[in-house]
Amino acid sequence: MYNKEIDKKWQNKWQDKNFFKAKDNKEQKKFYGLVEFPYPSGSGLHLGHVKAYIGMDVIARKKRLEGYNVLFPIGWDAFGLPTENYAIKTGIHPREVTDTNIKKFTEQAKSIGFSFDFDRQVDTTDPSYYKWTQWIFLKLFEHGLAYKDETEVNYCNGCQVVLSNEESQGGKCDRCNGEIIQKTKEVWMLKITDYAEKLLQGLEEVDFPESVKLQQQNWIGKSKGAEVDFKLVAGKKETDENLTVYTTRLDTIFGVTFMVIAPEHPLIEKYKDSILNVEELIEYKNSAKKKTEFERVQLAKDKTGVEVKGITVINPFTNKELPVWVSDYVMMGYGTGAIMAVPAHDTRDFEFAKKFGIEIVQVITDGKTTVTEEPYIEITEGTMINSDFLNGKPVKEAIETALDYATTNKIGTPKTNYYMKDWAFARQRYWGEPLPITKCEKCGLVPLKYEDLPLVLPNLKDFKPGEGGESPLAKAEEWIKTTCPKCGIPAERETDTMPQWAGSSWYFLRYIDPRNDNEIASKENLKYWLPVDWYNGGTEHVTRHLIYSRFWHRFLYDIGIVTTKEPYAKRSAQGLILGTDGEKMSKSRGNVIDPQDVINEYGADTLRTYMLFIGDYADAAPWNENGIKGAKKFLDRVVRLENIMVEDYQKEDNELEEEINRTIKKVTEDYEAMKYNTAIAQMMTCINLVYKKGVISRKHLEQFLTILSPTAPHVAEEVWSKINSTYIEETTWPMFDESKIIKDEIEMPVQVNGVFKFKISIDSNASKEDIEKIVMENENLEKYIDKNKIKKVIVVPGRIINFVV
RNA sequence: GCGGGUAUGGCGGAAUUGGCAGACGCGCCAGACUUAGAAUCUGGUACCAACCGGUGUGAAGGUUCAAGUCCUUUUACCCGCACCA
């Protein structure tokens with residue numbers, strides 16, 4: 001019987017033997033397998049972590065047996081709000097909480113038998129680690145990619161913290177799920193937008209799931225269009241000012257009947273003397289700001305707006321004067337914060353025009369559709385009308401022609417826009433990396449000298465953020481006081497800290513050389529280990545960690561630190577484990593399964609085997625207690641194999657030989673494709689046959705245990721130890737013999753009109769003609785058909801024979 | 001609204017990519033062992049008819065000798081984004 005005592009025994013021995021230590025051996029072929037390092041929360045490892053780590057552990061263990069030098073590291077993404085909130089509540093220092101949690105996580109990870117190289121652990125909250133996080137920040141600053149700016153930021157009232165766009169998707173806080181409000185604040189930003197194009201292009205050279213690529217592409221949101229200048233008329237006089245808009249549909253410029261600017265558009269402030277209804281506009285701006293996410297999204301169809309009175313613009317193509325409106329359906333953060341509205345061919349503009357009674361001019365037609373009830377937005381088969389020199393052209397051509405015209409006449413330029421915004425890179429919190437910046441009255445924002453890193457967090461007792469949304473560090477008076485690194489006069493430190501995503505944006509580089517005090521990692525080690533060959537993790541990080549870390553890595557490549565453009569050659573994602581009720585596991589639903597409970601009752605290998613067997617690794621699957629018992633039963637059957645082992649078969653057993661070889665082949669291929677469920681099913685089938693035969697040879701048992709070991713390492717090792725004095729880790733992955741799998745005679749199904757009738761045994765090398773002849777002579781055939789009425793015979797060797805009558 | 005995905009027995013899920021639908025596991029039924037139970041081992045298990053046979057992969061059409069797989073239409077659910085100008 002398999003029991004959990006077996007687990008501990010082998011975990012200790014593996015550790016003593018250093019089997020999982022990655023060697024910086026440049027001669028050996030390498031494999032770098034990575035999993036997302038966990039945030040060590042108080043509640044311990046959850047099933048999501050476990051599933052992610054088991055998946056890559058199987059690959060890592062297999063690669064070692066295949067002769068690779070494997071780097072399979074683990075670490076701790078330990079900065080973050082929950083620890084800090086816990087510290088605020090209990091008064092226990094975050095350092096202490098973090099250390100306790102890391103210890104717990106380490107024990108748990110070991111108890112599941114993950115083959116991590118624990119000697120390479122990194123902890124993002126360790127000054128020897130965040131020294132390099134700060135170093136990278138200084139490099140970004142040096143290259144103009146970190147800047148401080150007063151902008152509209154996402155702010156979570158609950159957490160009292162500024163969030164990035166990625167952290168506030170759907171208008172909700174990533175952490176507390178609370179409502180996000182917009183706030184004007186001076187914060188540090190990283191210019192990730194400068195890397196939009198590189199992040200997009202990089203996707204072409206990596207092996208990521210298509211859905212992941214697509215999601216990142218959408219997040220980056222590239223669009224090609226043009227900026228066009230509309231001459232501004234204020235107080236009935238033409239000004240020198242232009243209202244610049246961004247459009248992807250320059251072809252529709254003759255259909256523009258009004259302009260819309262965002263409520264915060266600077267034009268309002270600048271021309272307040274000419275505008276007749278400034279107060280009304282300010283009031284609109286304030287009320288728009290107060291709208292909740294629900295009102296903005298759900299009631300989006302109900303367009304609101306105010307006309308800017310006293311100001312108009314001139315359409316540069318028609319010289320017609322157009323009214324300017326303000327509406328919150330135009331965002332200051334995208335394009336120029338102003339649009340040319342073409343109600344005939346844009347849903348939003350159409351709704352707005354309908355509501356405010358603005359003229360609608362159709363400029364594209366398919367010959368039948370009119371735009372009285374709804375806009376015509378189909379572009380593929382439309383041709384231009386009411387559009388002067390564009391008339392008669394198909395849409396695509398019209399876009400080109402209009403753009404040429406605009407460029408030639410200097411009224412517009414081609415322009416590519418990205419939806420992605422710069423990364424708000426400052427949190428008003430204690431438990432994060434201090435920003436290594438000094439605020440000097442004379443010199444402004446001055447970076448620390450590289451040799452003065454790390455800038456270590458002061459030891460505070462009170463971690464509460466300030467009332468005005470300032471960092472707890474603002475209270476650390478002694479720490480704040482410093483001198484300007486440039487001119488030497490008294491100055492103050494920056495009190496915001498970095499977001500949690502900072503440490504995780506480069507941690508995979510530190511594993512490569514974790515104790516190096518002079519560099520992120522040595523050049524030789526980076527060259528040897530990069531890129532990460534395979535990165536497995538959750539889908540929730542696609543537009544967060546995965547995009548941030550690609551950005552940092554690409555930057556480090558551009559400044560010559562790392563050796564590859566992209567950090568991860570291959571990315572895979574595991575599916576969710578749902579509760580027994582089929583719902584997402586959550587404390588509030590009370591359907592959470594603690595992996596530790598499962599290990600205590602059934603052993604680590606049962607948990608591992610079950611989780612891999614439950615269904616396709618990439619799909620979500622509900623937890624099922626009975627399934628666990630099935631996995632346990634299988635492992636018990638493996639344990640008992642020892643009893644029926646013989647040194648060699650009395651006479652050659654072709655059937656067992658064949659099944660073992662088939663199993664090696666299937667498991668080898670399926671592991672590599674993360675099709676763990678079918679790999680395990682095949683191993684079960686194999687064991688079932690062995691039991692039926694009541695015997696297995698030493699060689700076959702050894703081979704079987706070797707291929708089982710990535711899934712169930714403790715059980716495999718235990719049985720191995722009974723028949724061997726070595727370790728599985730010291731053996732090599734078995735080769736399969738293809739010739740043993742191919743049978744001389746195969747059973748082929750015979751169909752009549754596509755319906756299965758009977759099977760026939762045929763030489764596997766038989767040609768089409770031979771097969772047809774053999775079947776025609778088969779006595780069974782007459783039972784089903786009259787040979788004279790055969791219209792056609794389809795023979796696919798190895799697959800099927802079908803008679804059409 | 002846009003983008004992506006999923007749908008197969010009582011349940012979790014297989015199906016070499018167009019070639020015997022339901023591998024493997026759970027559950028259930030039967031048998032062996034046992035005083036008995038547990039455990040273990042063996043066999044059975046899509047549905048209807050229960051004899052020939054017929055019907056079946058969310059629904060409706062289509063292509064094909066042959067469709068879970070391809071095409072068209074459609075429904076439900078899940079995930080992501082959301083006024084992207």
# chains A, B, ... in the order shown; residues from 1 in each chain; ligands from 1
>>> closest_atom_pairs(of="chain A", to="chain B", cutoff="8 Å", atoms="only C-alpha atoms (C1' of nucleotides)", output="Markdown table")
| residue | atom | partner | partner_atom | distance |
| --- | --- | --- | --- | --- |
| A:Gly170 | CA | B:A82 | C1' | 7.7 |
| A:Ser211 | CA | B:G4 | C1' | 6.5 |
| A:Gln215 | CA | B:G80 | C1' | 7.3 |
| A:Asn218 | CA | B:C81 | C1' | 7.8 |
| A:Trp219 | CA | B:C81 | C1' | 7.8 |
| A:Gly221 | CA | B:C84 | C1' | 6.8 |
| A:Ser223 | CA | B:C84 | C1' | 7.9 |
| A:Tyr246 | CA | B:A85 | C1' | 6.8 |
| A:Thr247 | CA | B:A85 | C1' | 5.8 |
| A:Thr248 | CA | B:A85 | C1' | 7.4 |
| A:Val297 | CA | B:A82 | C1' | 7.8 |
| A:Ala300 | CA | B:C83 | C1' | 6.9 |
| A:Tyr329 | CA | B:C83 | C1' | 5.0 |
| A:Val330 | CA | B:C83 | C1' | 7.0 |
| A:Tyr334 | CA | B:C84 | C1' | 7.7 |
| A:Gly335 | CA | B:A85 | C1' | 7.8 |
| A:Ile339 | CA | B:A85 | C1' | 6.0 |
| A:Met340 | CA | B:A85 | C1' | 7.9 |
| A:Arg348 | CA | B:C83 | C1' | 7.0 |
| A:Tyr419 | CA | B:C84 | C1' | 6.0 |
| A:Ile614 | CA | B:G12 | C1' | 6.3 |
| A:Gly615 | CA | B:G13 | C1' | 5.9 |
| A:Ala621 | CA | B:G12 | C1' | 7.8 |
| A:Pro622 | CA | B:G12 | C1' | 7.9 |
| A:Asn624 | CA | B:G12 | C1' | 7.9 |
| A:Asn626 | CA | B:C26 | C1' | 5.9 |
| A:Gly627 | CA | B:C26 | C1' | 5.6 |
| A:Gly630 | CA | B:G25 | C1' | 6.3 |
| A:Ala631 | CA | B:G25 | C1' | 8.0 |
| A:Thr678 | CA | B:C24 | C1' | 7.4 |
| A:Ile680 | CA | B:C24 | C1' | 7.9 |
| A:Ala681 | CA | B:C24 | C1' | 4.4 |
| A:Gln682 | CA | B:C24 | C1' | 7.1 |
| A:Met684 | CA | B:C24 | C1' | 6.9 |
| A:Thr685 | CA | B:C24 | C1' | 7.1 |
| A:Pro749 | CA | B:C20 | C1' | 5.9 |
| A:Asn753 | CA | B:C65 | C1' | 6.8 |
| A:Gly754 | CA | B:A66 | C1' | 5.4 |
| A:Phe756 | CA | B:C20 | C1' | 6.6 |
| A:Lys792 | CA | B:C65 | C1' | 7.6 |
| A:Val793 | CA | B:C65 | C1' | 7.8 |
| A:Ile794 | CA | B:C65 | C1' | 6.7 |
| A:Val796 | CA | B:G19 | C1' | 7.9 |
| A:Arg799 | CA | B:G19 | C1' | 5.8 |
| A:Ile800 | CA | B:G19 | C1' | 5.8 |
| A:Asn802 | CA | B:C65 | C1' | 6.8 |
| A:Phe803 | CA | B:C65 | C1' | 7.4 |
| A:Val804 | CA | B:C65 | C1' | 6.0 |
>>> select_by_dssp(residues="range 249-469 of chain A", states="strand (DSSP E or B)", output="count of residues only")
47
>>> residues_around(residues="Arg662 in chain A", least_positions_apart="3", cutoff="10 Å", atoms="only C-alpha atoms (C1' of nucleotides)", output="ChimeraX atom specification")
/A:656-659,665-668,682-683,686,736-738,740-742
>>> residues_around(residues="C29 in chain B", least_positions_apart="5", cutoff="12 Å", atoms="only C-alpha atoms (C1' of nucleotides)", output="ChimeraX atom specification")
/B:43-45
>>> write_last_selection(atoms="N, CA and C atoms (P, O5', C5', C4', C3', O3' and C1' of nucleotides)", output="short mmCIF file (atom, residue, chain, number, x, y, z; two decimals), in the first residue's frame")
data_model
loop_
_atom_site.label_atom_id
_atom_site.label_comp_id
_atom_site.auth_asym_id
_atom_site.auth_seq_id
_atom_site.Cartn_x
_atom_site.Cartn_y
_atom_site.Cartn_z
P G B 43 -11.22 -9.41 -16.70
"O5'" G B 43 -12.80 -9.46 -16.84
"C5'" G B 43 -13.41 -10.50 -17.59
"C4'" G B 43 -14.91 -10.51 -17.37
"C3'" G B 43 -15.67 -9.29 -17.86
"O3'" G B 43 -15.85 -9.28 -19.26
"C1'" G B 43 -16.47 -9.91 -15.73
P G B 44 -16.05 -7.91 -20.03
"O5'" G B 44 -17.51 -7.45 -19.59
"C5'" G B 44 -18.65 -8.20 -19.99
"C4'" G B 44 -19.89 -7.62 -19.35
"C3'" G B 44 -20.17 -6.16 -19.68
"O3'" G B 44 -20.78 -6.01 -20.93
"C1'" G B 44 -20.46 -6.53 -17.36
P U B 45 -20.41 -4.74 -21.84
"O5'" U B 45 -21.14 -3.57 -21.07
"C5'" U B 45 -22.57 -3.55 -20.97
"C4'" U B 45 -23.00 -2.44 -20.04
"C3'" U B 45 -22.46 -1.06 -20.38
"O3'" U B 45 -23.22 -0.43 -21.40
"C1'" U B 45 -22.21 -1.45 -18.07
#
>>> closest_residue(among="A:Ala426, A:His93, A:Asp388, A:Met498", to="Asn154 in chain A", atoms="only C-alpha atoms")
A:Ala426
>>> atom_distance(atom1="CA of His700 in chain A", atom2="CA of Asp57 in chain A")
23.9 Å
>>> residues_around(residues="Lys285 in chain A", least_positions_apart="4", cutoff="10 Å", atoms="only C-alpha atoms (C1' of nucleotides)", output="ChimeraX atom specification")
/A:262-265,279-281,289-290,305-306,326-328
>>> atom_distance(atom1="CA of Asn286 in chain A", atom2="CA of Thr239 in chain A")
28.1 Å
>>> closest_residue(among="B:A7, B:A21, B:C71, B:C2", to="A46 in chain B", atoms="only C-alpha atoms (C1' of nucleotides)")
B:A21
>>> select_by_dssp(residues="range 101-181 of chain A", states="alpha helix (DSSP H)", output="CSV table (one decimal) with all heavy atoms, in the first residue's frame")
chain,number,residue,atom,x,y,z
A,101,ASN,N,5.6,33.0,6.3
A,101,ASN,CA,4.8,32.4,5.2
A,101,ASN,C,5.7,31.7,4.2
A,101,ASN,O,5.4,30.6,3.7
A,101,ASN,CB,4.1,33.5,4.5
A,101,ASN,CG,2.9,34.0,5.3
A,101,ASN,OD1,2.5,33.4,6.2
A,101,ASN,ND2,2.4,35.1,4.9
A,102,ILE,N,6.9,32.2,4.0
A,102,ILE,CA,7.9,31.6,3.1
A,102,ILE,C,8.2,30.2,3.6
A,102,ILE,O,8.3,29.2,2.9
A,102,ILE,CB,9.1,32.4,2.9
A,102,ILE,CG1,8.8,33.6,2.0
A,102,ILE,CG2,10.2,31.6,2.3
A,102,ILE,CD1,9.9,34.6,1.7
A,103,LYS,N,8.4,30.1,4.9
A,103,LYS,CA,8.8,28.9,5.6
A,103,LYS,C,7.7,27.8,5.3
A,103,LYS,O,7.9,26.7,4.9
A,103,LYS,CB,9.0,29.1,7.1
A,103,LYS,CG,10.0,28.1,7.6
A,103,LYS,CD,10.4,28.5,9.1
A,103,LYS,CE,10.8,27.3,9.8
A,103,LYS,NZ,10.3,27.2,11.2
A,104,LYS,N,6.4,28.3,5.5
A,104,LYS,CA,5.3,27.4,5.3
A,104,LYS,C,5.2,26.9,3.9
A,104,LYS,O,5.0,25.8,3.6
A,104,LYS,CB,4.0,28.2,5.7
A,104,LYS,CG,2.8,27.3,5.6
A,104,LYS,CD,1.6,28.1,6.2
A,104,LYS,CE,0.3,27.3,6.0
A,104,LYS,NZ,-0.9,28.1,6.5
A,105,PHE,N,5.3,27.9,3.0
A,105,PHE,CA,5.3,27.5,1.5
A,105,PHE,C,6.4,26.6,1.1
A,105,PHE,O,6.1,25.6,0.3
A,105,PHE,CB,5.4,28.8,0.7
A,105,PHE,CG,4.0,29.4,0.4
A,105,PHE,CD1,3.3,30.0,1.3
A,105,PHE,CD2,3.6,29.5,-1.0
A,105,PHE,CE1,2.0,30.6,1.0
A,105,PHE,CE2,2.3,30.0,-1.3
A,105,PHE,CZ,1.6,30.6,-0.3
A,106,THR,N,7.5,26.8,1.7
A,106,THR,CA,8.7,25.9,1.3
A,106,THR,C,8.4,24.5,1.8
A,106,THR,O,8.5,23.5,1.0
A,106,THR,CB,10.0,26.4,2.0
A,106,THR,OG1,10.1,27.8,1.6
A,106,THR,CG2,11.1,25.6,1.5
A,107,GLU,N,7.9,24.3,3.0
A,107,GLU,CA,7.6,23.0,3.5
A,107,GLU,C,6.5,22.3,2.7
A,107,GLU,O,6.6,21.2,2.4
A,107,GLU,CB,7.1,23.1,5.0
A,107,GLU,CG,8.2,23.1,6.0
A,107,GLU,CD,7.7,23.5,7.4
A,107,GLU,OE1,6.5,23.3,7.7
A,107,GLU,OE2,8.5,24.0,8.1
A,108,GLN,N,5.5,23.1,2.3
A,108,GLN,CA,4.4,22.6,1.5
A,108,GLN,C,4.9,22.1,0.1
A,108,GLN,O,4.6,21.0,-0.3
A,108,GLN,CB,3.3,23.6,1.3
A,108,GLN,CG,2.4,23.7,2.6
A,108,GLN,CD,1.2,24.6,2.3
A,108,GLN,OE1,1.4,25.7,1.7
A,108,GLN,NE2,0.0,24.2,2.7
A,109,ALA,N,5.7,23.0,-0.5
A,109,ALA,CA,6.2,22.6,-1.8
A,109,ALA,C,7.1,21.4,-1.7
A,109,ALA,O,7.0,20.5,-2.6
A,109,ALA,CB,7.1,23.8,-2.3
A,110,LYS,N,7.8,21.2,-0.7
A,110,LYS,CA,8.6,20.0,-0.5
A,110,LYS,C,7.8,18.8,-0.3
A,110,LYS,O,8.1,17.7,-0.8
A,110,LYS,CB,9.6,20.2,0.6
A,110,LYS,CG,10.8,21.1,0.3
A,110,LYS,CD,11.9,21.2,1.3
A,110,LYS,CE,13.0,22.0,0.8
A,110,LYS,NZ,14.0,22.4,1.9
A,111,SER,N,6.7,19.0,0.4
A,111,SER,CA,5.8,17.9,0.8
A,111,SER,C,5.1,17.3,-0.4
A,111,SER,O,4.5,16.2,-0.4
A,111,SER,CB,4.8,18.3,1.9
A,111,SER,OG,3.7,19.0,1.3
A,127,PRO,N,16.8,42.7,0.4
A,127,PRO,CA,17.5,43.8,-0.2
A,127,PRO,C,18.5,43.3,-1.2
A,127,PRO,O,18.8,44.1,-2.2
A,127,PRO,CB,18.2,44.4,1.0
A,127,PRO,CG,17.3,44.1,2.2
A,127,PRO,CD,16.7,42.7,1.9
A,128,SER,N,19.1,42.1,-1.0
A,128,SER,CA,20.1,41.7,-2.0
A,128,SER,C,19.4,41.4,-3.4
A,128,SER,O,20.0,41.3,-4.4
A,128,SER,CB,20.8,40.5,-1.5
A,128,SER,OG,20.0,39.3,-1.5
A,129,TYR,N,18.1,41.2,-3.3
A,129,TYR,CA,17.3,41.0,-4.6
A,129,TYR,C,16.8,42.3,-5.1
A,129,TYR,O,17.1,42.7,-6.2
A,129,TYR,CB,16.1,40.1,-4.3
A,129,TYR,CG,15.3,39.9,-5.6
A,129,TYR,CD1,15.5,38.8,-6.5
A,129,TYR,CD2,14.2,40.7,-5.9
A,129,TYR,CE1,14.8,38.6,-7.6
A,129,TYR,CE2,13.5,40.6,-7.1
A,129,TYR,CZ,13.8,39.5,-7.9
A,129,TYR,OH,13.1,39.4,-9.1
A,130,TYR,N,16.2,43.1,-4.2
A,130,TYR,CA,15.6,44.3,-4.7
A,130,TYR,C,16.6,45.4,-5.1
A,130,TYR,O,16.3,46.4,-5.7
A,130,TYR,CB,14.4,44.8,-3.9
A,130,TYR,CG,14.6,45.4,-2.5
A,130,TYR,CD1,15.2,46.6,-2.3
A,130,TYR,CD2,14.0,44.7,-1.4
A,130,TYR,CE1,15.3,47.1,-1.0
A,130,TYR,CE2,14.1,45.3,-0.1
A,130,TYR,CZ,14.7,46.5,0.1
A,130,TYR,OH,14.8,47.0,1.3
A,131,LYS,N,17.8,45.2,-4.6
A,131,LYS,CA,18.9,46.0,-5.1
A,131,LYS,C,18.9,46.1,-6.6
A,131,LYS,O,19.0,47.1,-7.3
A,131,LYS,CB,20.2,45.4,-4.6
A,131,LYS,CG,21.5,46.1,-5.3
A,131,LYS,CD,22.7,45.3,-4.8
A,131,LYS,CE,24.0,45.9,-5.5
A,131,LYS,NZ,25.2,45.2,-5.0
A,132,TRP,N,18.6,44.9,-7.2
A,132,TRP,CA,18.6,44.8,-8.7
A,132,TRP,C,17.3,45.3,-9.3
A,132,TRP,O,17.3,45.7,-10.5
A,132,TRP,CB,19.0,43.4,-9.1
A,132,TRP,CG,20.4,43.1,-8.6
A,132,TRP,CD1,20.8,42.3,-7.6
A,132,TRP,CD2,21.6,43.7,-9.1
A,132,TRP,NE1,22.1,42.3,-7.4
A,132,TRP,CE2,22.7,43.2,-8.4
A,132,TRP,CE3,21.9,44.6,-10.2
A,132,TRP,CZ2,24.0,43.5,-8.6
A,132,TRP,CZ3,23.2,44.9,-10.4
A,132,TRP,CH2,24.3,44.4,-9.6
A,133,THR,N,16.2,45.2,-8.6
A,133,THR,CA,15.0,45.7,-9.1
A,133,THR,C,15.2,47.3,-9.2
A,133,THR,O,14.8,47.9,-10.1
A,133,THR,CB,13.8,45.4,-8.1
A,133,THR,OG1,13.9,44.0,-7.8
A,133,THR,CG2,12.5,45.7,-8.7
A,134,GLN,N,15.8,47.8,-8.1
A,134,GLN,CA,16.1,49.3,-8.1
A,134,GLN,C,17.1,49.6,-9.2
A,134,GLN,O,16.9,50.7,-9.9
A,134,GLN,CB,16.6,49.7,-6.8
A,134,GLN,CG,15.5,49.6,-5.7
A,134,GLN,CD,16.1,49.8,-4.3
A,134,GLN,OE1,17.3,49.5,-4.0
A,134,GLN,NE2,15.3,50.4,-3.4
A,135,TRP,N,18.0,48.8,-9.4
A,135,TRP,CA,19.0,49.0,-10.5
A,135,TRP,C,18.4,49.1,-11.8
A,135,TRP,O,18.7,50.0,-12.6
A,135,TRP,CB,20.0,47.8,-10.4
A,135,TRP,CG,21.2,47.9,-11.3
A,135,TRP,CD1,22.4,48.5,-11.1
A,135,TRP,CD2,21.3,47.5,-12.7
A,135,TRP,NE1,23.2,48.5,-12.1
A,135,TRP,CE2,22.6,47.8,-13.2
A,135,TRP,CE3,20.4,46.8,-13.6
A,135,TRP,CZ2,23.0,47.5,-14.4
A,135,TRP,CZ3,20.9,46.5,-14.8
A,135,TRP,CH2,22.2,46.8,-15.3
A,136,ILE,N,17.4,48.2,-12.1
A,136,ILE,CA,16.7,48.2,-13.4
A,136,ILE,C,15.9,49.5,-13.5
A,136,ILE,O,15.9,50.1,-14.6
A,136,ILE,CB,15.8,47.0,-13.6
A,136,ILE,CG1,16.7,45.7,-13.6
A,136,ILE,CG2,15.0,47.1,-14.9
A,136,ILE,CD1,15.9,44.4,-13.6
A,137,PHE,N,15.3,49.9,-12.4
A,137,PHE,CA,14.5,51.1,-12.4
A,137,PHE,C,15.4,52.3,-12.8
A,137,PHE,O,15.1,53.2,-13.6
A,137,PHE,CB,13.9,51.4,-11.1
A,137,PHE,CG,13.1,52.7,-11.0
A,137,PHE,CD1,11.8,52.7,-11.5
A,137,PHE,CD2,13.6,53.8,-10.5
A,137,PHE,CE1,11.1,53.9,-11.5
A,137,PHE,CE2,12.9,55.0,-10.5
A,137,PHE,CZ,11.7,55.1,-11.0
A,138,LEU,N,16.6,52.4,-12.2
A,138,LEU,CA,17.6,53.5,-12.5
A,138,LEU,C,18.0,53.4,-14.0
A,138,LEU,O,18.1,54.5,-14.6
A,138,LEU,CB,18.8,53.4,-11.6
A,138,LEU,CG,18.6,53.7,-10.2
A,138,LEU,CD1,20.0,53.7,-9.4
A,138,LEU,CD2,18.0,55.1,-10.0
A,139,LYS,N,18.1,52.2,-14.5
A,139,LYS,CA,18.4,52.1,-15.9
A,139,LYS,C,17.3,52.6,-16.8
A,139,LYS,O,17.5,53.4,-17.8
A,139,LYS,CB,18.7,50.6,-16.3
A,139,LYS,CG,20.1,50.2,-15.9
A,139,LYS,CD,21.2,50.8,-16.8
A,139,LYS,CE,22.6,50.5,-16.2
A,139,LYS,NZ,23.6,51.4,-16.8
A,140,LEU,N,16.1,52.3,-16.4
A,140,LEU,CA,14.9,52.8,-17.1
A,140,LEU,C,14.9,54.3,-17.1
A,140,LEU,O,14.6,55.0,-18.0
A,140,LEU,CB,13.6,52.2,-16.5
A,140,LEU,CG,13.3,50.8,-16.8
A,140,LEU,CD1,12.3,50.2,-15.8
A,140,LEU,CD2,12.8,50.6,-18.2
A,141,PHE,N,15.2,54.9,-15.9
A,141,PHE,CA,15.2,56.3,-15.7
A,141,PHE,C,16.3,56.9,-16.6
A,141,PHE,O,16.0,57.9,-17.3
A,141,PHE,CB,15.5,56.6,-14.2
A,141,PHE,CG,15.4,58.1,-13.9
A,141,PHE,CD1,14.2,58.8,-13.7
A,141,PHE,CD2,16.6,58.8,-13.8
A,141,PHE,CE1,14.2,60.1,-13.4
A,141,PHE,CE2,16.6,60.2,-13.5
A,141,PHE,CZ,15.4,60.8,-13.3
A,142,GLU,N,17.4,56.3,-16.5
A,142,GLU,CA,18.6,56.8,-17.3
A,142,GLU,C,18.2,56.9,-18.8
A,142,GLU,O,18.7,57.7,-19.5
A,142,GLU,CB,19.7,55.8,-17.1
A,142,GLU,CG,21.1,56.3,-17.6
A,142,GLU,CD,22.1,55.2,-17.3
A,142,GLU,OE1,22.2,54.7,-16.1
A,142,GLU,OE2,22.8,54.9,-18.2
>>> residues_around(residues="Glu470 in chain A", least_positions_apart="6", cutoff="8 Å", atoms="only C-alpha atoms (C1' of nucleotides)", output="ChimeraX atom specification")
/A:428-429,496
>>> closest_residue(among="B:G18, B:U75, B:U35, B:G1", to="U63 in chain B", atoms="only C-alpha atoms (C1' of nucleotides)")
B:G18
>>> residues_around(residues="Glu524 in chain A", least_positions_apart="3", cutoff="12 Å", atoms="only C-alpha atoms (C1' of nucleotides)", output="VMD selection string")
chain A and resid 24 to 26 512 to 513 519 to 521 527 to 530 561 to 563
